[in-house]
$ cat run06.cif   # mmCIF, C-alpha atoms and all ligand atoms
data_input
#
loop_
_atom_site.group_PDB
_atom_site.id
_atom_site.type_symbol
_atom_site.label_atom_id
_atom_site.label_comp_id
_atom_site.auth_asym_id
_atom_site.auth_seq_id
_atom_site.Cartn_x
_atom_site.Cartn_y
_atom_site.Cartn_z
ATOM 1 C CA MET A 1 -14.811 27.772 35.529
ATOM 2 C CA SER A 2 -12.746 28.810 32.556
ATOM 3 C CA ILE A 3 -10.897 26.268 30.434
ATOM 4 C CA ALA A 4 -7.307 27.288 29.596
ATOM 5 C CA LYS A 5 -6.791 27.710 25.883
ATOM 6 C CA GLY A 6 -3.843 25.972 24.215
ATOM 7 C CA ARG A 7 -1.203 28.026 22.436
ATOM 8 C CA GLU A 8 -1.524 28.786 18.764
ATOM 9 C CA VAL A 9 0.785 26.747 16.526
ATOM 10 C CA THR A 10 1.562 27.138 12.849
ATOM 11 C CA ILE A 11 2.090 24.018 10.751
ATOM 12 C CA SER A 12 3.574 24.955 7.408
ATOM 13 C CA VAL A 13 3.261 22.069 4.929
ATOM 14 C CA LEU A 14 4.941 21.736 1.543
ATOM 15 C CA LYS A 15 2.121 20.770 -0.809
ATOM 16 C CA PHE A 16 2.705 19.391 -4.295
ATOM 17 C CA ASN A 17 1.021 16.872 -6.553
ATOM 18 C CA PRO A 18 3.572 15.665 -9.138
ATOM 19 C CA ARG A 19 0.771 14.069 -11.170
ATOM 20 C CA ALA A 20 -1.223 17.275 -11.647
ATOM 21 C CA LYS A 21 0.183 19.494 -14.414
ATOM 22 C CA SER A 22 -1.059 22.694 -12.757
ATOM 23 C CA SER A 23 0.442 21.872 -9.336
ATOM 24 C CA LYS A 24 3.516 23.773 -8.149
ATOM 25 C CA PRO A 25 5.386 23.109 -4.851
ATOM 26 C CA ALA A 26 4.296 25.679 -2.249
ATOM 27 C CA PHE A 27 4.123 25.951 1.531
ATOM 28 C CA VAL A 28 0.640 26.279 2.983
ATOM 29 C CA ASP A 29 0.287 27.540 6.578
ATOM 30 C CA TYR A 30 -2.337 26.104 8.915
ATOM 31 C CA VAL A 31 -2.874 27.768 12.287
ATOM 32 C CA LEU A 32 -4.466 25.666 15.011
ATOM 33 C CA GLU A 33 -4.820 25.444 18.759
ATOM 34 C CA GLU A 34 -2.500 22.978 20.489
ATOM 35 C CA THR A 35 -4.235 20.399 22.664
ATOM 36 C CA PRO A 36 -2.542 18.426 25.497
ATOM 37 C CA GLY A 37 -0.303 15.655 24.157
ATOM 38 C CA MET A 38 -0.883 16.725 20.547
ATOM 39 C CA THR A 39 1.318 14.842 18.090
ATOM 40 C CA LEU A 40 2.016 15.840 14.514
ATOM 41 C CA PHE A 41 -0.295 12.988 13.476
ATOM 42 C CA ILE A 42 -3.163 14.535 15.501
ATOM 43 C CA ALA A 43 -2.405 18.004 14.110
ATOM 44 C CA LEU A 44 -2.378 16.791 10.485
ATOM 45 C CA MET A 45 -5.627 14.848 11.007
ATOM 46 C CA LYS A 46 -7.232 17.994 12.439
ATOM 47 C CA ILE A 47 -5.986 20.010 9.454
ATOM 48 C CA ARG A 48 -7.390 17.467 7.013
ATOM 49 C CA GLU A 49 -10.732 17.204 8.829
ATOM 50 C CA GLU A 50 -11.291 20.904 9.471
ATOM 51 C CA TYR A 51 -9.266 22.925 6.953
ATOM 52 C CA ASP A 52 -7.937 20.991 3.973
ATOM 53 C CA PRO A 53 -9.424 17.613 2.901
ATOM 54 C CA ASP A 54 -6.948 17.551 -0.001
ATOM 55 C CA LEU A 55 -3.856 17.223 2.252
ATOM 56 C CA SER A 56 -2.079 13.859 1.727
ATOM 57 C CA PHE A 57 0.071 12.065 4.304
ATOM 58 C CA ASP A 58 0.559 8.462 5.470
ATOM 59 C CA PHE A 59 -0.169 6.934 8.864
ATOM 60 C CA VAL A 60 -1.243 3.402 9.821
ATOM 61 C CA CYS A 61 -0.380 2.360 13.382
ATOM 62 C CA ARG A 62 0.039 5.794 15.084
ATOM 63 C CA ALA A 63 2.347 4.016 17.530
ATOM 64 C CA GLY A 64 5.829 4.060 15.960
ATOM 65 C CA ILE A 65 5.536 0.495 14.662
ATOM 66 C CA CYS A 66 4.449 0.485 10.993
ATOM 67 C CA GLY A 67 7.082 2.939 9.728
ATOM 68 C CA SER A 68 4.735 4.735 7.330
ATOM 69 C CA CYS A 69 4.779 8.289 8.754
ATOM 70 C CA GLY A 70 8.360 9.478 8.138
ATOM 71 C CA MET A 71 8.556 13.183 7.225
ATOM 72 C CA ILE A 72 10.913 16.137 7.580
ATOM 73 C CA VAL A 73 10.113 18.573 10.398
ATOM 74 C CA ASN A 74 12.207 21.741 10.699
ATOM 75 C CA GLY A 75 14.911 20.051 8.619
ATOM 76 C CA LYS A 76 15.075 16.731 10.479
ATOM 77 C CA PRO A 77 13.465 13.398 9.569
ATOM 78 C CA VAL A 78 11.031 12.091 12.218
ATOM 79 C CA LEU A 79 8.043 9.794 12.656
ATOM 80 C CA GLY A 80 4.991 12.070 12.614
ATOM 81 C CA CYS A 81 3.064 9.886 15.063
ATOM 82 C CA ARG A 82 5.874 10.069 17.662
ATOM 83 C CA THR A 83 6.482 13.809 17.309
ATOM 84 C CA LEU A 84 5.021 15.956 20.082
ATOM 85 C CA ILE A 85 4.107 19.508 19.083
ATOM 86 C CA ALA A 86 5.062 20.538 22.646
ATOM 87 C CA ASN A 87 8.707 19.787 21.784
ATOM 88 C CA TYR A 88 8.747 22.780 19.405
ATOM 89 C CA PRO A 89 8.930 25.840 21.720
ATOM 90 C CA THR A 90 8.446 28.368 18.895
ATOM 91 C CA GLY A 91 5.147 26.727 17.917
ATOM 92 C CA LYS A 92 6.249 26.774 14.284
ATOM 93 C CA LEU A 93 6.727 23.506 12.366
ATOM 94 C CA GLN A 94 7.817 23.384 8.746
ATOM 95 C CA VAL A 95 6.851 19.955 7.372
ATOM 96 C CA MET A 96 8.148 18.457 4.112
ATOM 97 C CA PRO A 97 8.121 14.994 2.486
ATOM 98 C CA MET A 98 11.221 12.831 2.918
ATOM 99 C CA PRO A 99 13.723 13.204 0.057
ATOM 100 C CA ALA A 100 15.275 10.143 -1.637
ATOM 101 C CA PHE A 101 11.883 8.500 -2.244
ATOM 102 C CA GLU A 102 9.331 8.862 -5.035
ATOM 103 C CA LEU A 103 6.893 11.622 -4.080
ATOM 104 C CA ILE A 104 3.259 10.519 -4.260
ATOM 105 C CA LYS A 105 1.664 13.774 -3.060
ATOM 106 C CA ASP A 106 2.335 16.388 -0.340
ATOM 107 C CA LEU A 107 3.866 14.404 2.585
ATOM 108 C CA SER A 108 3.215 10.949 1.122
ATOM 109 C CA VAL A 109 6.256 9.148 -0.360
ATOM 110 C CA ASN A 110 6.691 5.639 -1.771
ATOM 111 C CA THR A 111 9.054 4.023 0.749
ATOM 112 C CA GLY A 112 7.558 0.587 -0.011
ATOM 113 C CA LYS A 113 8.837 0.479 -3.591
ATOM 114 C CA TRP A 114 12.302 1.609 -2.487
ATOM 115 C CA MET A 115 12.420 -1.021 0.278
ATOM 116 C CA ASP A 116 11.315 -3.763 -2.173
ATOM 117 C CA ASP A 117 14.062 -2.832 -4.661
ATOM 118 C CA MET A 118 16.664 -2.664 -1.872
ATOM 119 C CA SER A 119 15.545 -6.076 -0.529
ATOM 120 C CA VAL A 120 16.107 -7.673 -3.925
ATOM 121 C CA LYS A 121 19.468 -5.928 -4.321
ATOM 122 C CA VAL A 122 20.861 -7.194 -1.001
ATOM 123 C CA GLN A 123 19.022 -10.548 -1.315
ATOM 124 C CA SER A 124 17.218 -10.049 1.948
ATOM 125 C CA TRP A 125 16.306 -13.640 2.667
ATOM 126 C CA ILE A 126 17.849 -16.783 4.177
ATOM 127 C CA VAL A 127 20.151 -18.519 1.679
ATOM 128 C CA THR A 128 20.979 -22.107 2.602
ATOM 129 C CA ASN A 129 22.070 -25.280 0.862
ATOM 130 C CA LYS A 130 20.313 -27.434 3.450
ATOM 131 C CA GLU A 131 17.067 -29.102 2.485
ATOM 132 C CA THR A 132 14.074 -27.940 4.467
ATOM 133 C CA ASP A 133 12.366 -30.749 6.355
ATOM 134 C CA ILE A 134 9.297 -29.431 8.178
ATOM 135 C CA SER A 135 8.901 -32.704 10.099
ATOM 136 C CA LYS A 136 12.161 -31.977 11.968
ATOM 137 C CA ILE A 137 12.527 -29.775 15.042
ATOM 138 C CA GLU A 138 13.977 -26.366 14.217
ATOM 139 C CA GLU A 139 17.718 -26.033 14.560
ATOM 140 C CA ARG A 140 18.824 -24.677 17.907
ATOM 141 C CA VAL A 141 20.169 -21.128 17.934
ATOM 142 C CA GLU A 142 22.220 -19.809 20.837
ATOM 143 C CA PRO A 143 20.071 -17.300 22.790
ATOM 144 C CA GLU A 144 22.762 -14.581 22.537
ATOM 145 C CA VAL A 145 22.861 -14.977 18.742
ATOM 146 C CA ALA A 146 19.041 -14.959 18.510
ATOM 147 C CA ASP A 147 18.986 -11.771 20.614
ATOM 148 C CA GLU A 148 21.476 -10.093 18.261
ATOM 149 C CA VAL A 149 19.391 -11.057 15.205
ATOM 150 C CA PHE A 150 16.151 -9.845 16.847
ATOM 151 C CA GLU A 151 17.842 -6.558 17.747
ATOM 152 C CA LEU A 152 18.498 -5.856 14.039
ATOM 153 C CA ASP A 153 15.044 -7.183 13.074
ATOM 154 C CA ARG A 154 13.483 -4.285 15.010
ATOM 155 C CA CYS A 155 13.875 -2.098 11.906
ATOM 156 C CA ILE A 156 10.427 -0.780 10.866
ATOM 157 C CA GLU A 157 11.537 0.258 7.340
ATOM 158 C CA CYS A 158 10.490 3.853 7.932
ATOM 159 C CA GLY A 159 13.206 5.174 5.580
ATOM 160 C CA ILE A 160 14.367 7.847 8.024
ATOM 161 C CA CYS A 161 17.978 6.611 7.834
ATOM 162 C CA VAL A 162 17.769 6.841 4.028
ATOM 163 C CA ALA A 163 16.275 10.355 4.063
ATOM 164 C CA SER A 164 19.001 11.573 6.447
ATOM 165 C CA CYS A 165 21.904 10.001 4.522
ATOM 166 C CA GLY A 166 24.260 12.324 2.628
ATOM 167 C CA THR A 167 25.644 9.430 0.535
ATOM 168 C CA LYS A 168 22.158 8.327 -0.550
ATOM 169 C CA LEU A 169 21.273 11.835 -1.690
ATOM 170 C CA MET A 170 24.417 11.949 -3.881
ATOM 171 C CA ARG A 171 24.450 8.293 -4.966
ATOM 172 C CA PRO A 172 20.929 7.140 -5.900
ATOM 173 C CA ASP A 173 21.790 3.408 -5.918
ATOM 174 C CA PHE A 174 23.297 3.378 -2.412
ATOM 175 C CA VAL A 175 21.492 0.685 -0.354
ATOM 176 C CA GLY A 176 21.510 2.876 2.765
ATOM 177 C CA ALA A 177 21.889 1.961 6.412
ATOM 178 C CA VAL A 178 18.642 -0.014 6.282
ATOM 179 C CA GLY A 179 20.086 -2.235 3.501
ATOM 180 C CA LEU A 180 23.418 -2.713 5.253
ATOM 181 C CA ASN A 181 21.584 -3.470 8.506
ATOM 182 C CA ARG A 182 19.648 -6.143 6.622
ATOM 183 C CA VAL A 183 22.887 -7.755 5.379
ATOM 184 C CA ALA A 184 24.325 -7.636 8.916
ATOM 185 C CA ARG A 185 21.184 -9.412 10.142
ATOM 186 C CA PHE A 186 21.601 -12.327 7.692
ATOM 187 C CA GLU A 187 25.361 -12.435 8.213
ATOM 188 C CA LEU A 188 24.677 -13.078 11.916
ATOM 189 C CA ASP A 189 21.933 -15.651 11.350
ATOM 190 C CA PRO A 190 23.291 -19.236 11.610
ATOM 191 C CA HIS A 191 20.475 -20.440 9.301
ATOM 192 C CA ASP A 192 22.113 -18.496 6.458
ATOM 193 C CA ASN A 193 25.041 -20.276 4.800
ATOM 194 C CA ARG A 194 26.409 -17.336 2.816
ATOM 195 C CA THR A 195 30.116 -16.605 3.166
ATOM 196 C CA ALA A 196 31.884 -13.247 3.412
ATOM 197 C CA GLU A 197 32.679 -13.625 -0.320
ATOM 198 C CA ASP A 198 28.972 -13.996 -1.107
ATOM 199 C CA PHE A 199 28.131 -10.843 0.865
ATOM 200 C CA TYR A 200 31.037 -9.058 -0.839
ATOM 201 C CA GLU A 201 29.413 -9.824 -4.212
ATOM 202 C CA LEU A 202 26.245 -8.086 -2.999
ATOM 203 C CA ILE A 203 27.580 -4.996 -1.206
ATOM 204 C CA GLY A 204 31.358 -4.846 -1.807
ATOM 205 C CA ASP A 205 31.263 -1.543 -3.736
ATOM 206 C CA ASP A 206 30.479 2.175 -3.391
ATOM 207 C CA ASP A 207 26.730 1.554 -3.632
ATOM 208 C CA GLY A 208 27.155 -0.751 -0.643
ATOM 209 C CA ILE A 209 29.483 -0.967 2.325
ATOM 210 C CA PHE A 210 32.289 1.206 0.873
ATOM 211 C CA GLY A 211 29.954 4.102 -0.024
ATOM 212 C CA CYS A 212 29.120 5.039 3.581
ATOM 213 C CA MET A 213 30.918 8.252 4.604
ATOM 214 C CA SER A 214 30.235 7.646 8.348
ATOM 215 C CA LEU A 215 28.327 10.906 8.737
ATOM 216 C CA MET A 216 26.237 9.102 11.392
ATOM 217 C CA ALA A 217 22.949 10.860 10.559
ATOM 218 C CA CYS A 218 21.276 7.456 10.039
ATOM 219 C CA GLU A 219 21.955 6.405 13.602
ATOM 220 C CA ASP A 220 21.263 9.886 15.027
ATOM 221 C CA HIS A 221 17.738 9.858 13.585
ATOM 222 C CA CYS A 222 16.748 6.151 13.596
ATOM 223 C CA PRO A 223 13.576 6.080 15.741
ATOM 224 C CA LYS A 224 14.382 2.519 16.855
ATOM 225 C CA HIS A 225 17.934 3.423 17.936
ATOM 226 C CA LEU A 226 19.470 0.585 15.946
ATOM 227 C CA PRO A 227 23.275 0.280 16.169
ATOM 228 C CA LEU A 228 23.666 1.170 12.483
ATOM 229 C CA GLN A 229 27.189 2.611 12.474
ATOM 230 C CA ASN A 230 28.475 -0.224 14.622
ATOM 231 C CA LYS A 231 27.102 -2.824 12.185
ATOM 232 C CA ILE A 232 28.339 -0.899 9.121
ATOM 233 C CA ALA A 233 31.834 -0.694 10.663
ATOM 234 C CA TYR A 234 31.749 -4.421 11.453
ATOM 235 C CA LEU A 235 30.717 -5.383 7.906
ATOM 236 C CA ARG A 236 33.321 -3.054 6.431
ATOM 237 C CA ARG A 237 36.097 -4.592 8.516
ATOM 238 C CA ARG A 238 34.988 -8.051 7.466
ATOM 239 C CA LEU A 239 34.727 -7.275 3.757
ATOM 240 C CA VAL A 240 37.685 -4.897 3.272
ATOM 241 C CA ALA A 241 40.069 -7.847 3.472
ATOM 242 C CA LEU A 242 38.482 -9.247 0.286
ATOM 243 C CA ARG A 243 39.078 -6.070 -1.760
HETATM 244 S S1 LIG B 301 17.252 1.373 10.320
HETATM 245 FE FE1 LIG B 301 16.034 2.758 11.691
HETATM 246 S S2 LIG B 301 15.739 4.629 10.461
HETATM 247 FE FE2 LIG B 301 16.382 3.017 9.038
HETATM 248 S S3 LIG B 301 14.495 2.169 8.209
HETATM 249 FE FE3 LIG B 301 15.062 0.893 10.004
HETATM 250 S S4 LIG B 301 14.014 1.810 11.758
HETATM 251 FE FE4 LIG B 301 13.915 3.327 10.095
HETATM 252 S S1 LIG B 302 1.941 5.694 11.913
HETATM 253 FE FE1 LIG B 302 3.035 3.830 12.155
HETATM 254 S S2 LIG B 302 5.041 4.485 12.672
HETATM 255 FE FE2 LIG B 302 3.886 6.316 12.626
#
$ encode --input "run06.cif" --output "structure tokens"
Amino acid sequence: MSIAKGREVTISVLKFNPRAKSSKPAFVDYVLEETPGMTLFIALMKIREEYDPDLSFDFVCRAGICGSCGMIVNGKPVLGCRTLIANYPTGKLQVMPMPAFELIKDLSVNTGKWMDDMSVKVQSWIVTNKETDISKIEERVEPEVADEVFELDRCIECGICVASCGTKLMRPDFVGAVGLNRVARFELDPHDNRTAEDFYELIGDDDGIFGCMSLMACEDHCPKHLPLQNKIAYLRRRLVALR
């Protein structure tokens, strides 16, 4: 019995180590045999194990949950662990690190630092003037409101919306769809006492809600299909009256 061989695929990776003086950005081609159900994560692991132990990239969960494997494939930002090689009929994948984030090496970028800075900028926490009393039962939240908050909480902070955003690439301090989604989440949450004026202080400028050019790439590429443009439009309508 003969076993059918998989097709040959070429993964072309942009390699660069910004910390090594001698390193220059260059594409390196790796040719490998496709196996059934092969994801980009599996392909990169195979490359690292069998061809190039120096190749750097980030993965943790391999299940589209941790948000650490964002990268650019044939010009579009994707999660590497959710990207099937079979979806590329030419068998050629050009893989680059996401722009807009500090490059660590090859495909590895520092989304964590960017997300931390953004969280501080939009004050991504509950702000309340009520005293916390842990002996009391939690305040009741209407199920529909809780559902809306949980919907926005599904963000995995992968940075794909940031990497696909034209405004962010031109305006480095723009908080991105992920930041505006975060504000929309707290604006909905009845535990948070901030007013529209308070949110205006945080995002009422061109680095916030008025910077978005509605190009929609954030929502087109968000792997969690969050309603980003809808929430941005809602916040803008609410805050434009305060301008
Ligand atoms: S909003 Fe979507 S694309 Fe942006 S960081 Fe969250 S999950 Fe990723
Ligand atoms: S490895 Fe966790 S989202 Fe891809």
$ residues_near_ligand --input "run06.cif" --ligand "ligand LIG 302 (chain B)" --cutoff "7 Å" --atoms "only C-alpha atoms and all ligand atoms" --output "ChimeraX atom specification"
/A:59-69,79-82
$ residues_around --input "run06.cif" --residues "Leu188 in chain A" --least-positions-apart "4" --cutoff "9 Å" --atoms "all atoms listed in the file" --output "list in words"
Val145, Ala146, Glu148, Val149, Val183, Ala184 and Asp192 of chain A
$ resolve_selection --input "run06.cif" --expression "the PyMOL selection byres (((chain A and resi 226) around 9) and not hetatm)" --output "list in words"
Glu151, Leu152, Arg154, Cys155, Asn181, Glu219, Cys222, Pro223, Lys224, His225, Pro227, Leu228 and Gln229 of chain A
$ residues_near_point --input "run06.cif" --point "(-2.5, 20.6, 25.2)" --cutoff "10 Å" --atoms "only C-alpha atoms" --output "list in words"
Ala4, Lys5, Gly6, Arg7, Glu33, Glu34, Thr35, Pro36, Gly37, Met38, Thr39, Ile85 and Ala86 of chain A
$ closest_residue --input "run06.cif" --among "A:Asp153, A:Asp58, A:Glu201, A:Asp206" --to "Arg182 in chain A" --atoms "only C-alpha atoms"
A:Asp153
$ build_atoms --input "run06.cif" --residues "range 105-133 of chain A" --atoms "N, CA and C atoms" --output "short mmCIF file (atom, residue, chain, number, x, y, z; two decimals), keeping the file's coordinate frame"
data_model
loop_
_atom_site.label_atom_id
_atom_site.label_comp_id
_atom_site.auth_asym_id
_atom_site.auth_seq_id
_atom_site.Cartn_x
_atom_site.Cartn_y
_atom_site.Cartn_z
N LYS A 105 2.34 12.45 -3.13
CA LYS A 105 1.66 13.77 -3.06
C LYS A 105 1.88 14.36 -1.67
N ASP A 106 2.14 15.65 -1.61
CA ASP A 106 2.34 16.39 -0.34
C ASP A 106 3.37 15.68 0.55
N LEU A 107 2.92 15.05 1.66
CA LEU A 107 3.87 14.40 2.58
C LEU A 107 3.96 12.90 2.35
N SER A 108 3.27 12.39 1.36
CA SER A 108 3.22 10.95 1.12
C SER A 108 4.29 10.53 0.11
N VAL A 109 5.19 9.63 0.53
CA VAL A 109 6.26 9.15 -0.36
C VAL A 109 6.22 7.62 -0.43
N ASN A 110 6.78 7.08 -1.53
CA ASN A 110 6.69 5.64 -1.77
C ASN A 110 7.92 4.92 -1.18
N THR A 111 7.93 4.76 0.13
CA THR A 111 9.05 4.02 0.75
C THR A 111 8.96 2.54 0.42
N GLY A 112 7.76 2.02 0.23
CA GLY A 112 7.56 0.59 -0.01
C GLY A 112 8.29 0.12 -1.25
N LYS A 113 8.18 0.89 -2.34
CA LYS A 113 8.84 0.48 -3.59
C LYS A 113 10.36 0.48 -3.39
N TRP A 114 10.85 1.52 -2.72
CA TRP A 114 12.30 1.61 -2.49
C TRP A 114 12.78 0.42 -1.64
N MET A 115 12.03 0.09 -0.60
CA MET A 115 12.42 -1.02 0.28
C MET A 115 12.39 -2.36 -0.49
N ASP A 116 11.39 -2.53 -1.37
CA ASP A 116 11.32 -3.76 -2.17
C ASP A 116 12.56 -3.89 -3.06
N ASP A 117 12.90 -2.79 -3.76
CA ASP A 117 14.06 -2.83 -4.66
C ASP A 117 15.34 -3.11 -3.87
N MET A 118 15.47 -2.46 -2.72
CA MET A 118 16.66 -2.66 -1.87
C MET A 118 16.73 -4.13 -1.40
N SER A 119 15.57 -4.69 -1.03
CA SER A 119 15.54 -6.08 -0.53
C SER A 119 16.04 -7.05 -1.59
N VAL A 120 15.66 -6.79 -2.84
CA VAL A 120 16.11 -7.67 -3.92
C VAL A 120 17.62 -7.48 -4.13
N LYS A 121 18.05 -6.23 -4.09
CA LYS A 121 19.47 -5.93 -4.32
C LYS A 121 20.38 -6.60 -3.30
N VAL A 122 20.00 -6.59 -2.03
CA VAL A 122 20.86 -7.19 -1.00
C VAL A 122 20.45 -8.64 -0.70
N GLN A 123 19.53 -9.17 -1.51
CA GLN A 123 19.02 -10.55 -1.32
C GLN A 123 18.65 -10.78 0.15
N SER A 124 17.61 -10.09 0.54
CA SER A 124 17.22 -10.05 1.95
C SER A 124 16.36 -11.26 2.32
N TRP A 125 16.99 -12.41 2.27
CA TRP A 125 16.31 -13.64 2.67
C TRP A 125 17.36 -14.67 3.06
N ILE A 126 16.92 -15.72 3.77
CA ILE A 126 17.85 -16.78 4.18
C ILE A 126 18.31 -17.55 2.94
N VAL A 127 19.61 -17.69 2.77
CA VAL A 127 20.15 -18.52 1.68
C VAL A 127 20.85 -19.71 2.33
N THR A 128 20.40 -20.91 1.99
CA THR A 128 20.98 -22.11 2.60
C THR A 128 21.03 -23.24 1.58
N ASN A 129 22.03 -24.11 1.75
CA ASN A 129 22.07 -25.28 0.86
C ASN A 129 21.46 -26.51 1.53
N LYS A 130 20.94 -26.31 2.75
CA LYS A 130 20.31 -27.43 3.45
C LYS A 130 18.88 -27.60 2.96
N GLU A 131 18.45 -28.85 2.89
CA GLU A 131 17.07 -29.10 2.48
C GLU A 131 16.14 -28.83 3.66
N THR A 132 15.02 -28.22 3.38
CA THR A 132 14.07 -27.94 4.47
C THR A 132 13.23 -29.18 4.72
N ASP A 133 13.21 -29.61 5.98
CA ASP A 133 12.37 -30.75 6.36
C ASP A 133 11.46 -30.28 7.49
#
